[in-house]
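Coordinates as given in data.cif (mmCIF, N, CA and C atoms):
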```
data_protein
#
loop_
_atom_site.label_atom_id
_atom_site.label_comp_id
_atom_site.auth_asym_id
_atom_site.auth_seq_id
_atom_site.Cartn_x
_atom_site.Cartn_y
_atom_site.Cartn_z
N MET A 1 -14.24 -34.44 11.06
CA MET A 1 -14.21 -34.02 9.68
C MET A 1 -15.22 -34.85 8.89
N ARG A 2 -16.04 -34.18 8.10
CA ARG A 2 -17.01 -34.86 7.27
C ARG A 2 -16.45 -35.10 5.89
N PHE A 3 -16.90 -36.14 5.23
CA PHE A 3 -16.52 -36.39 3.85
C PHE A 3 -17.77 -36.60 3.01
N TRP A 4 -17.67 -36.25 1.75
CA TRP A 4 -18.75 -36.55 0.83
C TRP A 4 -18.10 -36.89 -0.51
N GLY A 5 -18.85 -37.44 -1.40
CA GLY A 5 -18.31 -37.80 -2.71
C GLY A 5 -18.85 -39.15 -3.14
N ASN A 6 -18.26 -39.70 -4.18
CA ASN A 6 -18.71 -41.00 -4.65
C ASN A 6 -17.72 -42.08 -4.22
N ARG A 7 -17.90 -43.28 -4.70
CA ARG A 7 -17.03 -44.38 -4.28
C ARG A 7 -15.58 -44.16 -4.67
N ASP A 8 -15.36 -43.47 -5.79
CA ASP A 8 -14.00 -43.31 -6.29
C ASP A 8 -13.19 -42.26 -5.54
N ARG A 9 -13.88 -41.27 -4.96
CA ARG A 9 -13.14 -40.22 -4.28
C ARG A 9 -14.01 -39.60 -3.20
N ALA A 10 -13.40 -39.11 -2.20
CA ALA A 10 -14.11 -38.43 -1.11
C ALA A 10 -13.44 -37.08 -0.90
N TYR A 11 -14.22 -36.08 -0.62
CA TYR A 11 -13.69 -34.73 -0.42
C TYR A 11 -13.85 -34.34 1.04
N ALA A 12 -12.84 -33.70 1.58
CA ALA A 12 -12.89 -33.27 2.97
C ALA A 12 -13.84 -32.10 3.12
N GLU A 13 -14.30 -31.86 4.33
CA GLU A 13 -15.17 -30.73 4.66
C GLU A 13 -14.54 -29.44 4.11
N PRO A 14 -15.31 -28.59 3.44
CA PRO A 14 -14.75 -27.42 2.76
C PRO A 14 -14.27 -26.31 3.68
N SER A 15 -14.41 -26.43 4.98
CA SER A 15 -13.95 -25.37 5.86
C SER A 15 -12.44 -25.33 5.99
N LEU A 16 -11.75 -26.25 5.32
CA LEU A 16 -10.30 -26.22 5.35
C LEU A 16 -9.79 -24.96 4.66
N LEU A 17 -8.59 -24.52 5.03
CA LEU A 17 -8.06 -23.28 4.46
C LEU A 17 -7.53 -23.47 3.05
N TYR A 18 -7.48 -24.64 2.55
CA TYR A 18 -7.03 -24.89 1.20
C TYR A 18 -8.04 -25.78 0.50
N CYS A 19 -7.92 -25.90 -0.78
CA CYS A 19 -8.84 -26.73 -1.55
C CYS A 19 -8.06 -27.93 -2.08
N PRO A 20 -8.15 -29.06 -1.44
CA PRO A 20 -7.33 -30.19 -1.85
C PRO A 20 -7.61 -30.65 -3.27
N ARG A 21 -8.80 -30.38 -3.78
CA ARG A 21 -9.10 -30.87 -5.13
C ARG A 21 -8.96 -29.79 -6.19
N SER A 22 -8.46 -28.63 -5.83
CA SER A 22 -8.41 -27.53 -6.78
C SER A 22 -6.98 -27.13 -7.12
N VAL A 23 -6.64 -27.27 -8.38
CA VAL A 23 -5.34 -26.78 -8.83
C VAL A 23 -5.38 -25.27 -9.01
N SER A 24 -6.56 -24.67 -9.00
CA SER A 24 -6.70 -23.23 -9.18
C SER A 24 -6.49 -22.44 -7.89
N PHE A 25 -6.54 -23.10 -6.74
CA PHE A 25 -6.47 -22.38 -5.47
C PHE A 25 -5.21 -21.54 -5.32
N PRO A 26 -4.01 -22.04 -5.64
CA PRO A 26 -2.82 -21.19 -5.48
C PRO A 26 -2.91 -19.90 -6.30
N LYS A 27 -3.41 -19.98 -7.51
CA LYS A 27 -3.51 -18.78 -8.35
C LYS A 27 -4.55 -17.80 -7.80
N VAL A 28 -5.71 -18.31 -7.41
CA VAL A 28 -6.77 -17.45 -6.88
C VAL A 28 -6.34 -16.80 -5.57
N SER A 29 -5.74 -17.57 -4.67
CA SER A 29 -5.33 -16.99 -3.39
C SER A 29 -4.17 -16.01 -3.56
N SER A 30 -3.29 -16.25 -4.51
CA SER A 30 -2.20 -15.32 -4.78
C SER A 30 -2.73 -13.98 -5.28
N ILE A 31 -3.69 -14.02 -6.17
CA ILE A 31 -4.31 -12.79 -6.67
C ILE A 31 -5.03 -12.07 -5.52
N ALA A 32 -5.72 -12.82 -4.68
CA ALA A 32 -6.41 -12.21 -3.54
C ALA A 32 -5.43 -11.50 -2.63
N ARG A 33 -4.32 -12.16 -2.31
CA ARG A 33 -3.30 -11.53 -1.45
C ARG A 33 -2.78 -10.25 -2.06
N LYS A 34 -2.53 -10.28 -3.35
CA LYS A 34 -2.01 -9.11 -4.06
C LYS A 34 -2.97 -7.93 -3.95
N LEU A 35 -4.27 -8.22 -3.88
CA LEU A 35 -5.29 -7.16 -3.79
C LEU A 35 -5.66 -6.83 -2.34
N GLY A 36 -4.99 -7.46 -1.39
CA GLY A 36 -5.29 -7.20 0.02
C GLY A 36 -6.49 -7.93 0.56
N LEU A 37 -6.89 -9.01 -0.10
CA LEU A 37 -8.02 -9.82 0.35
C LEU A 37 -7.51 -11.04 1.10
N PRO A 38 -8.32 -11.60 1.97
CA PRO A 38 -7.93 -12.87 2.60
C PRO A 38 -8.04 -14.00 1.57
N ALA A 39 -7.51 -15.14 1.93
CA ALA A 39 -7.68 -16.32 1.06
C ALA A 39 -9.16 -16.60 0.93
N PRO A 40 -9.61 -17.02 -0.24
CA PRO A 40 -11.03 -17.31 -0.41
C PRO A 40 -11.43 -18.58 0.32
N GLU A 41 -12.71 -18.66 0.66
CA GLU A 41 -13.24 -19.91 1.19
C GLU A 41 -13.54 -20.82 0.00
N CYS A 42 -13.25 -22.08 0.15
CA CYS A 42 -13.44 -23.05 -0.94
C CYS A 42 -14.73 -23.82 -0.74
N GLU A 43 -15.35 -24.14 -1.87
CA GLU A 43 -16.57 -24.94 -1.84
C GLU A 43 -17.58 -24.33 -0.86
N TYR A 44 -17.78 -23.04 -0.97
CA TYR A 44 -18.63 -22.30 -0.04
C TYR A 44 -20.11 -22.51 -0.38
N ARG A 45 -20.87 -22.98 0.57
CA ARG A 45 -22.31 -23.21 0.38
C ARG A 45 -23.04 -21.88 0.63
N PHE A 46 -23.61 -21.32 -0.42
CA PHE A 46 -24.17 -19.97 -0.34
C PHE A 46 -25.68 -19.92 -0.18
N ASP A 47 -26.37 -21.00 -0.44
CA ASP A 47 -27.83 -21.01 -0.38
C ASP A 47 -28.29 -22.00 0.69
N PRO A 48 -28.99 -21.51 1.71
CA PRO A 48 -29.40 -22.42 2.79
C PRO A 48 -30.42 -23.47 2.34
N GLU A 49 -31.11 -23.22 1.23
CA GLU A 49 -32.15 -24.14 0.77
C GLU A 49 -31.62 -25.21 -0.19
N ARG A 50 -30.49 -24.95 -0.82
CA ARG A 50 -29.94 -25.88 -1.81
C ARG A 50 -28.52 -26.27 -1.40
N ARG A 51 -27.98 -27.27 -2.03
CA ARG A 51 -26.62 -27.70 -1.71
C ARG A 51 -25.59 -27.08 -2.64
N TRP A 52 -25.96 -26.02 -3.31
CA TRP A 52 -25.05 -25.36 -4.24
C TRP A 52 -23.85 -24.79 -3.51
N ARG A 53 -22.70 -24.87 -4.17
CA ARG A 53 -21.46 -24.32 -3.61
C ARG A 53 -20.73 -23.53 -4.68
N PHE A 54 -20.03 -22.50 -4.24
CA PHE A 54 -19.12 -21.76 -5.12
C PHE A 54 -17.74 -22.41 -5.02
N ASP A 55 -16.99 -22.40 -6.11
CA ASP A 55 -15.62 -22.91 -6.06
C ASP A 55 -14.80 -22.09 -5.06
N PHE A 56 -14.88 -20.77 -5.16
CA PHE A 56 -14.17 -19.86 -4.26
C PHE A 56 -15.11 -18.72 -3.90
N ALA A 57 -15.04 -18.26 -2.66
CA ALA A 57 -15.93 -17.17 -2.25
C ALA A 57 -15.31 -16.33 -1.14
N TRP A 58 -15.68 -15.06 -1.15
CA TRP A 58 -15.40 -14.13 -0.06
C TRP A 58 -16.78 -13.73 0.47
N PRO A 59 -17.30 -14.50 1.44
CA PRO A 59 -18.68 -14.26 1.90
C PRO A 59 -18.94 -12.85 2.42
N SER A 60 -17.98 -12.25 3.10
CA SER A 60 -18.21 -10.90 3.62
C SER A 60 -18.37 -9.87 2.52
N LEU A 61 -17.81 -10.14 1.34
CA LEU A 61 -17.93 -9.23 0.20
C LEU A 61 -19.01 -9.67 -0.78
N ARG A 62 -19.53 -10.88 -0.57
CA ARG A 62 -20.52 -11.46 -1.49
C ARG A 62 -19.97 -11.55 -2.92
N ILE A 63 -18.71 -11.97 -3.01
CA ILE A 63 -18.06 -12.18 -4.31
C ILE A 63 -17.68 -13.65 -4.41
N ALA A 64 -17.97 -14.26 -5.56
CA ALA A 64 -17.65 -15.66 -5.77
C ALA A 64 -16.94 -15.83 -7.11
N VAL A 65 -16.12 -16.88 -7.19
CA VAL A 65 -15.43 -17.25 -8.42
C VAL A 65 -15.79 -18.69 -8.73
N GLU A 66 -16.22 -18.92 -9.95
CA GLU A 66 -16.54 -20.26 -10.43
C GLU A 66 -15.61 -20.61 -11.58
N ILE A 67 -15.00 -21.78 -11.51
CA ILE A 67 -14.15 -22.28 -12.58
C ILE A 67 -14.96 -23.32 -13.34
N GLU A 68 -15.24 -23.01 -14.59
CA GLU A 68 -16.07 -23.89 -15.43
C GLU A 68 -15.16 -24.80 -16.24
N GLY A 69 -14.94 -25.99 -15.74
CA GLY A 69 -14.06 -26.93 -16.43
C GLY A 69 -14.77 -27.68 -17.54
N GLY A 70 -13.98 -28.33 -18.34
CA GLY A 70 -14.51 -29.22 -19.37
C GLY A 70 -15.12 -28.55 -20.58
N VAL A 71 -14.76 -27.29 -20.84
CA VAL A 71 -15.40 -26.59 -21.96
C VAL A 71 -15.00 -27.19 -23.31
N TRP A 72 -13.83 -27.81 -23.40
CA TRP A 72 -13.38 -28.35 -24.67
C TRP A 72 -13.67 -29.84 -24.81
N ILE A 73 -14.15 -30.47 -23.74
CA ILE A 73 -14.39 -31.92 -23.80
C ILE A 73 -15.84 -32.27 -23.48
N ARG A 74 -16.73 -31.33 -23.70
CA ARG A 74 -18.15 -31.51 -23.40
C ARG A 74 -18.37 -31.93 -21.94
N GLY A 75 -17.73 -31.18 -21.05
CA GLY A 75 -17.89 -31.44 -19.63
C GLY A 75 -19.27 -31.06 -19.13
N ARG A 76 -19.51 -31.26 -17.85
CA ARG A 76 -20.81 -31.04 -17.24
C ARG A 76 -21.36 -29.64 -17.48
N HIS A 77 -20.49 -28.63 -17.45
CA HIS A 77 -20.96 -27.25 -17.54
C HIS A 77 -21.45 -26.85 -18.93
N VAL A 78 -21.12 -27.62 -19.95
CA VAL A 78 -21.55 -27.25 -21.31
C VAL A 78 -22.59 -28.21 -21.89
N ARG A 79 -22.91 -29.27 -21.19
CA ARG A 79 -23.99 -30.15 -21.64
C ARG A 79 -25.31 -29.55 -21.20
N PRO A 80 -26.40 -29.84 -21.90
CA PRO A 80 -27.67 -29.16 -21.63
C PRO A 80 -28.14 -29.19 -20.18
N VAL A 81 -28.18 -30.33 -19.55
CA VAL A 81 -28.69 -30.41 -18.17
C VAL A 81 -27.77 -29.64 -17.22
N GLY A 82 -26.46 -29.80 -17.36
CA GLY A 82 -25.52 -29.08 -16.51
C GLY A 82 -25.59 -27.58 -16.72
N TYR A 83 -25.70 -27.18 -17.97
CA TYR A 83 -25.78 -25.76 -18.30
C TYR A 83 -27.03 -25.14 -17.69
N LEU A 84 -28.17 -25.81 -17.82
CA LEU A 84 -29.42 -25.30 -17.25
C LEU A 84 -29.34 -25.24 -15.72
N GLY A 85 -28.71 -26.24 -15.11
CA GLY A 85 -28.52 -26.22 -13.66
C GLY A 85 -27.66 -25.06 -13.22
N ASP A 86 -26.61 -24.77 -14.01
CA ASP A 86 -25.75 -23.63 -13.69
C ASP A 86 -26.51 -22.31 -13.80
N LEU A 87 -27.38 -22.19 -14.81
CA LEU A 87 -28.19 -20.97 -14.94
C LEU A 87 -29.04 -20.75 -13.69
N GLU A 88 -29.67 -21.82 -13.22
CA GLU A 88 -30.50 -21.73 -12.02
C GLU A 88 -29.65 -21.31 -10.81
N LYS A 89 -28.50 -21.93 -10.67
CA LYS A 89 -27.61 -21.63 -9.55
C LYS A 89 -27.14 -20.17 -9.58
N TYR A 90 -26.68 -19.70 -10.72
CA TYR A 90 -26.14 -18.34 -10.79
C TYR A 90 -27.25 -17.29 -10.65
N ASN A 91 -28.42 -17.56 -11.18
CA ASN A 91 -29.53 -16.63 -10.98
C ASN A 91 -29.92 -16.54 -9.51
N ARG A 92 -29.94 -17.68 -8.84
CA ARG A 92 -30.25 -17.67 -7.41
C ARG A 92 -29.20 -16.89 -6.62
N ALA A 93 -27.94 -17.04 -7.01
CA ALA A 93 -26.86 -16.31 -6.35
C ALA A 93 -27.06 -14.80 -6.49
N VAL A 94 -27.43 -14.35 -7.68
CA VAL A 94 -27.66 -12.93 -7.90
C VAL A 94 -28.84 -12.44 -7.06
N VAL A 95 -29.90 -13.23 -7.00
CA VAL A 95 -31.06 -12.86 -6.17
C VAL A 95 -30.65 -12.72 -4.71
N LEU A 96 -29.70 -13.54 -4.26
CA LEU A 96 -29.23 -13.48 -2.88
C LEU A 96 -28.16 -12.40 -2.65
N GLY A 97 -27.83 -11.65 -3.70
CA GLY A 97 -26.90 -10.53 -3.55
C GLY A 97 -25.45 -10.83 -3.86
N TRP A 98 -25.15 -11.95 -4.50
CA TRP A 98 -23.79 -12.32 -4.84
C TRP A 98 -23.37 -11.75 -6.19
N ARG A 99 -22.09 -11.46 -6.31
CA ARG A 99 -21.47 -11.12 -7.60
C ARG A 99 -20.59 -12.30 -7.97
N VAL A 100 -20.89 -12.93 -9.09
CA VAL A 100 -20.23 -14.19 -9.47
C VAL A 100 -19.39 -13.96 -10.72
N LEU A 101 -18.10 -14.28 -10.61
CA LEU A 101 -17.18 -14.23 -11.73
C LEU A 101 -16.95 -15.66 -12.21
N ARG A 102 -17.13 -15.89 -13.51
CA ARG A 102 -17.02 -17.24 -14.07
C ARG A 102 -15.88 -17.28 -15.08
N TYR A 103 -15.08 -18.35 -14.98
CA TYR A 103 -13.92 -18.49 -15.86
C TYR A 103 -13.74 -19.94 -16.27
N ALA A 104 -13.20 -20.13 -17.47
CA ALA A 104 -12.59 -21.42 -17.82
C ALA A 104 -11.20 -21.38 -17.19
N PRO A 105 -10.60 -22.53 -16.91
CA PRO A 105 -9.30 -22.52 -16.23
C PRO A 105 -8.25 -21.64 -16.91
N HIS A 106 -8.21 -21.63 -18.22
CA HIS A 106 -7.19 -20.84 -18.92
C HIS A 106 -7.46 -19.33 -18.87
N GLN A 107 -8.60 -18.91 -18.35
CA GLN A 107 -8.95 -17.50 -18.27
C GLN A 107 -8.66 -16.88 -16.90
N LEU A 108 -8.10 -17.62 -15.97
CA LEU A 108 -7.89 -17.11 -14.61
C LEU A 108 -7.00 -15.87 -14.57
N GLY A 109 -6.22 -15.64 -15.61
CA GLY A 109 -5.40 -14.43 -15.66
C GLY A 109 -6.23 -13.16 -15.64
N GLN A 110 -7.50 -13.25 -15.97
CA GLN A 110 -8.39 -12.08 -15.97
C GLN A 110 -8.97 -11.79 -14.59
N LEU A 111 -8.77 -12.68 -13.64
CA LEU A 111 -9.38 -12.53 -12.32
C LEU A 111 -8.94 -11.26 -11.61
N GLU A 112 -7.66 -10.95 -11.65
CA GLU A 112 -7.17 -9.75 -10.95
C GLU A 112 -7.86 -8.50 -11.48
N ARG A 113 -7.91 -8.36 -12.78
CA ARG A 113 -8.57 -7.20 -13.39
C ARG A 113 -10.03 -7.12 -12.97
N ASP A 114 -10.73 -8.25 -13.00
CA ASP A 114 -12.16 -8.25 -12.70
C ASP A 114 -12.43 -8.00 -11.22
N LEU A 115 -11.60 -8.57 -10.34
CA LEU A 115 -11.78 -8.29 -8.91
C LEU A 115 -11.54 -6.81 -8.62
N CYS A 116 -10.53 -6.22 -9.25
CA CYS A 116 -10.27 -4.79 -9.06
C CYS A 116 -11.48 -3.96 -9.47
N ALA A 117 -12.12 -4.36 -10.56
CA ALA A 117 -13.30 -3.62 -11.03
C ALA A 117 -14.46 -3.73 -10.05
N LEU A 118 -14.57 -4.86 -9.35
CA LEU A 118 -15.66 -5.05 -8.40
C LEU A 118 -15.43 -4.36 -7.06
N LEU A 119 -14.18 -4.25 -6.68
CA LEU A 119 -13.86 -3.74 -5.35
C LEU A 119 -13.69 -2.23 -5.36
N ASP A 120 -14.25 -1.60 -4.35
CA ASP A 120 -13.89 -0.20 -4.15
C ASP A 120 -12.94 -0.16 -2.96
N ASP A 121 -12.37 0.98 -2.64
CA ASP A 121 -11.36 1.06 -1.58
C ASP A 121 -11.88 0.57 -0.24
N GLY A 122 -13.14 0.73 0.05
CA GLY A 122 -13.70 0.29 1.32
C GLY A 122 -13.77 -1.20 1.49
N GLU A 123 -13.77 -1.95 0.39
CA GLU A 123 -13.88 -3.40 0.47
C GLU A 123 -12.54 -4.10 0.58
N ARG A 124 -11.46 -3.41 0.23
CA ARG A 124 -10.14 -4.03 0.33
C ARG A 124 -9.66 -3.98 1.76
N LEU A 125 -8.98 -5.01 2.15
CA LEU A 125 -8.40 -5.04 3.49
C LEU A 125 -6.97 -4.54 3.41
N LYS A 126 -6.64 -3.58 4.20
CA LYS A 126 -5.28 -3.00 4.16
C LYS A 126 -4.32 -3.84 4.97
#
```

Can you turn what I pasted into structure tokens?
Amino acid sequence: MRFWGNRDRAYAEPSLLYCPRSVSFPKVSSIARKLGLPAPECEYRFDPERRWRFDFAWPSLRIAVEIEGGVWIRGRHVRPVGYLGDLEKYNRAVVLGWRVLRYAPHQLGQLERDLCALLDDGERLK
């Protein structure tokens, strides 16, 4: 098992079936099950040239979910450098054929509706 992170914390290799650092995983995987999807892959590295990762992804469907934390406390995603980095990441994802859904943590209730809109009957697993 590989670890990465800083001195204060280390994260396990993302191939695990759960996301140890994500409080959103139970909600996302529950919605996926309800729609007939498998559990999402966590911290999925989608670009072979960069180290970018999606919070949650269904690689076979090219659908990703990003949880943008810190919107009310000037977190990384809303500060200028972080915001510009996110723009680059999401544009690259689209160029590679991904559909990316972005939410603040309190907006996860919209995920089911949005996934339904993206999926046609052929993409759902029965």

Draw an axis-aligned box over all listed atoms of region 57-68 of chain A, pad each side with 6 Å, and write its centre and edge lengths in Å, one decimal, as JSON.
```
{"center_x": -17.3, "center_y": -17.0, "center_z": -6.3, "size_x": 18.4, "size_y": 27.6, "size_z": 31.9}
```

>> At a cut-off of 7 Å, using only N, CA and C atoms, what residues contact Phe56 (chain A)? Leave out same-chain residues fewer than 3 positions from it and give the result as a ChimeraX atom specification.
In response: /A:40-44,53,63-67

>> So that I can check the secondary structure, give me every residue of region 34-106 of chain A assigned alpha helix (DSSP H) by backbone DSSP, as an MDAnalysis selection string.
In response: chainID A and resid 34 80:95

>> Nearest residue to Ala32 (chain A) out of A:Tyr83, A:Trp52, A:Trp58, A:Tyr90, using only C-alpha atoms?
In response: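 When distances to Ala32 (chain A) are compared using only C-alpha atoms, the smallest one comes from A:Trp58.
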
>> Report, in Å to a single decimal, how far apart atom N of Leu35 (chain A) and CA of Glu112 (chain A) are.
In response: 7.8 Å

Could you find all residues in region 80-123 of chain A that DSSP calls strand (DSSP E or B) from the backbone, and write them as a short mmCIF file (atom, residue, chain, number, x, y, z; two decimals) with N, CA and C atoms, in the coordinates of the input?
```cif
data_model
loop_
_atom_site.label_atom_id
_atom_site.label_comp_id
_atom_site.auth_asym_id
_atom_site.auth_seq_id
_atom_site.Cartn_x
_atom_site.Cartn_y
_atom_site.Cartn_z
N ARG A 99 -22.09 -11.46 -6.31
CA ARG A 99 -21.47 -11.12 -7.60
C ARG A 99 -20.59 -12.30 -7.97
N VAL A 100 -20.89 -12.93 -9.09
CA VAL A 100 -20.23 -14.19 -9.47
C VAL A 100 -19.39 -13.96 -10.72
N LEU A 101 -18.10 -14.28 -10.61
CA LEU A 101 -17.18 -14.23 -11.73
C LEU A 101 -16.95 -15.66 -12.21
N ARG A 102 -17.13 -15.89 -13.51
CA ARG A 102 -17.02 -17.24 -14.07
C ARG A 102 -15.88 -17.28 -15.08
N TYR A 103 -15.08 -18.35 -14.98
CA TYR A 103 -13.92 -18.49 -15.86
C TYR A 103 -13.74 -19.94 -16.27
#
```

> Rounded to one decimal in Å, what is the spacing between CA of Leu111 (chain A) and CA of Ser30 (chain A)?
Replying inline: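 CA of Ser30 (chain A) lies at a distance of 10.8 Å from CA of Leu111 (chain A).
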
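Our summary of the geometry notes that CA of Val100 (chain A) is positioned 11.5 Å from CA of Phe46 (chain A).
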
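Nearest residue to Leu61 (chain A), choosing from A:Cys116, A:Gln110, A:Arg99, A:Ala104 and counting only N, CA and C atoms: A:Arg99.
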